[in-house]
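Below is input_13.txt, which holds compact mmCIF, C-alpha atoms.
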# COMPACT_ATOMS: atom_id res chain seq x y z
CA GLU A 151 16.04 9.49 45.63
CA THR A 152 19.40 8.36 46.90
CA ARG A 153 22.41 7.71 44.76
CA ALA A 154 22.32 4.04 45.76
CA ALA A 155 18.76 3.68 44.49
CA ARG A 156 19.94 4.70 41.01
CA ASN A 157 22.83 2.22 40.98
CA ASN A 158 22.43 -0.74 38.60
CA PRO A 159 19.02 0.15 37.13
CA PHE A 160 18.61 -3.28 35.53
CA LYS A 161 14.83 -3.22 35.15
CA ASP A 162 14.80 0.37 33.88
CA VAL A 163 17.27 -0.55 31.14
CA LEU A 164 15.17 -3.51 29.98
CA SER A 165 11.93 -1.52 30.26
CA ALA A 166 13.44 1.08 27.93
CA ARG A 167 14.01 -1.76 25.43
CA LEU A 168 17.77 -1.24 25.56
CA ARG A 169 20.23 -4.09 25.22
CA MET A 170 21.95 -4.82 28.52
CA VAL A 171 25.30 -6.61 28.62
CA PHE A 172 26.93 -8.04 31.73
CA GLY A 173 30.62 -8.71 32.18
CA SER A 174 33.45 -8.11 34.60
CA ASP A 175 36.42 -5.77 34.68
CA CYS A 176 38.41 -8.30 36.65
CA MET A 177 38.64 -12.02 37.11
CA PRO A 178 37.78 -14.57 38.42
CA PHE A 179 34.20 -13.46 39.12
CA SER A 180 31.77 -16.17 38.09
CA PRO A 181 28.90 -15.08 35.85
CA MET A 182 26.62 -16.84 38.36
CA TYR A 183 27.61 -14.20 40.94
CA GLY A 184 26.40 -11.52 38.54
CA VAL A 185 23.18 -13.38 37.80
CA ILE A 186 22.45 -13.86 41.51
CA SER A 187 23.20 -10.18 42.17
CA ALA A 188 20.86 -8.98 39.40
CA VAL A 189 18.04 -11.30 40.46
CA ASN A 190 18.41 -10.23 44.10
CA ALA A 191 19.26 -6.55 43.50
CA PRO A 192 19.02 -4.42 46.66
CA TYR A 193 16.09 -2.44 45.24
CA GLU A 194 13.22 -4.74 44.33
CA SER A 195 12.08 -2.39 41.57
CA GLN A 196 15.32 -3.10 39.68
CA ARG A 197 15.40 -6.89 40.03
CA ILE A 198 15.30 -8.90 36.82
CA THR A 199 14.66 -12.56 36.12
CA ALA A 200 17.41 -15.17 35.95
CA GLU A 201 16.59 -15.58 32.25
CA GLU A 202 17.13 -11.85 31.63
CA ALA A 203 20.41 -11.88 33.55
CA VAL A 204 21.75 -14.96 31.72
CA ALA A 205 20.80 -13.34 28.40
CA ALA A 206 22.91 -10.31 29.37
CA TYR A 207 25.94 -12.60 29.74
CA THR A 208 25.24 -14.69 26.63
CA ARG A 209 23.00 -13.50 23.79
CA GLU A 210 23.44 -9.78 24.48
CA ALA A 211 27.19 -10.06 25.05
CA ALA A 212 27.55 -11.82 21.69
CA TYR A 213 25.54 -9.02 20.07
CA ALA A 214 27.72 -6.34 21.70
CA SER A 215 30.88 -7.96 20.33
CA PHE A 216 29.37 -8.45 16.85
CA GLU A 217 29.50 -12.25 17.31
CA GLU A 218 25.77 -13.03 17.45
CA ARG A 219 26.03 -15.18 14.31
CA SER A 220 28.51 -17.55 15.94
CA LYS A 221 27.72 -17.49 19.67
CA GLY A 222 25.34 -16.31 22.37
CA THR A 223 22.55 -18.86 21.95
CA ILE A 224 22.32 -22.63 21.69
CA THR A 225 21.59 -22.85 17.99
CA GLU A 226 22.70 -25.30 15.30
CA GLY A 227 25.86 -24.05 13.62
CA LYS A 228 27.00 -21.85 16.50
CA GLN A 229 30.00 -22.49 18.75
CA ALA A 230 29.21 -25.10 21.36
CA ASP A 231 30.31 -23.14 24.45
CA LEU A 232 28.11 -23.97 27.43
CA VAL A 233 27.92 -25.18 30.99
CA ILE A 234 25.83 -27.94 32.51
CA MET A 235 24.58 -27.06 35.98
CA SER A 236 23.69 -29.27 38.96
CA ALA A 237 20.24 -27.67 39.24
CA ASP A 238 17.94 -25.55 37.13
CA PRO A 239 19.14 -22.01 37.89
CA PHE A 240 15.86 -20.62 36.52
CA ALA A 241 13.63 -22.61 38.90
CA ASP A 242 13.88 -20.37 41.98
CA ALA A 243 16.29 -18.34 44.09
CA VAL A 244 17.38 -21.38 46.11
CA SER A 245 18.25 -23.35 42.97
CA LEU A 246 20.05 -20.33 41.57
CA ARG A 247 22.23 -19.95 44.66
CA SER A 248 22.98 -23.67 45.04
CA ALA A 249 23.59 -24.58 41.38
CA THR A 250 27.16 -25.57 40.60
CA VAL A 251 28.91 -26.25 37.32
CA LEU A 252 29.10 -29.96 36.52
CA LYS A 253 30.57 -29.67 33.06
CA THR A 254 32.00 -26.96 30.79
CA VAL A 255 32.08 -27.36 27.01
CA LEU A 256 34.10 -25.01 24.79
CA GLY A 257 34.02 -25.38 21.03
CA GLY A 258 32.22 -28.68 21.45
CA GLU A 259 34.99 -30.14 23.64
CA ILE A 260 34.60 -30.92 27.35
CA VAL A 261 37.19 -28.79 29.17
CA TYR A 262 35.91 -29.31 32.72
CA GLU A 263 33.98 -32.11 34.35
CA ARG A 264 33.31 -32.28 38.07
CA THR A 265 34.32 -35.64 39.48
CA LYS A 266 32.36 -37.54 42.09
CA ILE A 267 35.26 -37.31 44.54
CA GLY A 268 34.71 -34.19 46.60
CA ALA A 269 31.72 -33.19 44.49

Rendering of file as structure tokens:
Amino acid sequence: ETRAARNNPFKDVLSARLRMVFGSDCMPFSPMYGVISAVNAPYESQRITAEEAVAAYTREAAYASFEERSKGTITEGKQADLVIMSADPFADAVSLRSATVLKTVLGGEIVYERTKIGA
């Protein structure tokens, strides 16, 4: 087994029923880049679903920072931090790669909205 084959064992982590959290040590990497990379991991045996990858950035990240009561899922009473995408990123790999952010909401306030000009 090569060293590369053991890199990013996404599926093994989830199969062991461990919580997996995604993030970045530097900016401005988009979480979508991480989701796409996990779904299309070089070793098919370690690929995970888009839903599992998004959970690692949202629900599991909130759990890891002890904030699961206020963020991480779209639930009444939690912070309204979310994005609205141009396509369903869970539909298939093509949709995942082509989906763009149309709107970003932080704390219930729209902080970004893609305009029709140049969209």

Take the point (17.4, -5.9, 35.6) as written in the file and pick out every residue within 10 Å of it, counting all atoms listed in the file; give the list as a PyMOL selection string.
chain A and resi 158-165+170+185+187-191+194-200+202-203+206

Set the distance at 12 Å and use only C-alpha atoms: which residues neighbour A:Ser174 once local chain neighbours fewer than 2 positions away are removed? I'd like the list as an MDAnalysis selection string.
chainID A and resid 171:172 176:185 206:207 211

Top pick for closest residue to A:Glu217, considering A:Gln229, A:Thr265, A:Ser245, A:Asn157 and counting only C-alpha atoms:
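Answer, going by the shortest atom-to-atom distance: A:Gln229.
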
A:Ile224 surroundings by only C-alpha atoms, 10 Å radius, close-in-sequence under 6 positions cut, as a compact mmCIF listing (two decimals) with C-alpha atoms, in the coordinates of the input:
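Result file follows (part.txt):
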# COMPACT_ATOMS: atom_id res chain seq x y z
CA THR A 208 25.24 -14.69 26.63
CA ARG A 209 23.00 -13.50 23.79
CA ALA A 230 29.21 -25.10 21.36
CA ASP A 231 30.31 -23.14 24.45
CA LEU A 232 28.11 -23.97 27.43

Å distance separating atom CA of A:Val261 from atom CA of A:Ala249, one decimal place:
18.8 Å

Quick one: residues within 10 Å of A:Pro239, only C-alpha atoms counted, chain neighbours fewer than 2 positions away excluded, as an mmCIF file with C-alpha atoms, in the frame of the given file?
data_model
loop_
_atom_site.group_PDB
_atom_site.id
_atom_site.type_symbol
_atom_site.label_atom_id
_atom_site.label_comp_id
_atom_site.auth_asym_id
_atom_site.auth_seq_id
_atom_site.Cartn_x
_atom_site.Cartn_y
_atom_site.Cartn_z
ATOM 1 C CA MET A 182 26.620 -16.840 38.360
ATOM 2 C CA VAL A 185 23.180 -13.380 37.800
ATOM 3 C CA ILE A 186 22.450 -13.860 41.510
ATOM 4 C CA ALA A 200 17.410 -15.170 35.950
ATOM 5 C CA GLU A 201 16.590 -15.580 32.250
ATOM 6 C CA VAL A 204 21.750 -14.960 31.720
ATOM 7 C CA MET A 235 24.580 -27.060 35.980
ATOM 8 C CA SER A 236 23.690 -29.270 38.960
ATOM 9 C CA ALA A 237 20.240 -27.670 39.240
ATOM 10 C CA ALA A 241 13.630 -22.610 38.900
ATOM 11 C CA ASP A 242 13.880 -20.370 41.980
ATOM 12 C CA ALA A 243 16.290 -18.340 44.090
ATOM 13 C CA VAL A 244 17.380 -21.380 46.110
ATOM 14 C CA SER A 245 18.250 -23.350 42.970
ATOM 15 C CA LEU A 246 20.050 -20.330 41.570
ATOM 16 C CA ARG A 247 22.230 -19.950 44.660
ATOM 17 C CA SER A 248 22.980 -23.670 45.040
ATOM 18 C CA ALA A 249 23.590 -24.580 41.380
ATOM 19 C CA THR A 250 27.160 -25.570 40.600
#

Work out how far apart atom CA of A:Pro192 and atom CA of A:Arg156 are and give it in Å to one decimal.
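Distance between the two atoms: 10.8 Å.
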
I'd like to know which of A:Ala205, A:Gly258, A:Ala214, A:Glu263 is closest to A:Lys228, using all atoms listed in the file.
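Using all atoms listed in the file, the shortest distance to A:Lys228 belongs to A:Gly258.
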
Atom-to-atom span, atom CA of A:Arg219 and atom CA of A:Tyr262, Å:
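Answer for the atom CA of A:Arg219 to atom CA of A:Tyr262 separation: 25.2 Å.
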
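Nearest residue to A:Thr223 among A:Glu210, A:Arg167, A:Asp238, A:Lys253 is A:Glu210, counting only C-alpha atoms.
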
4 Å per side around stretch 157-171 of chain A: axis-aligned box centre and edge lengths, as lines of an AutoDock Vina configuration file:
center_x = 18.6
center_y = -2.2
center_z = 33.1
size_x = 21.4
size_y = 16.8
size_z = 23.8

Measuring between only C-alpha atoms, which one of A:Tyr213, A:Lys221, A:Leu252, A:Ile234 shows the shortest distance to A:Arg169?
A:Tyr213
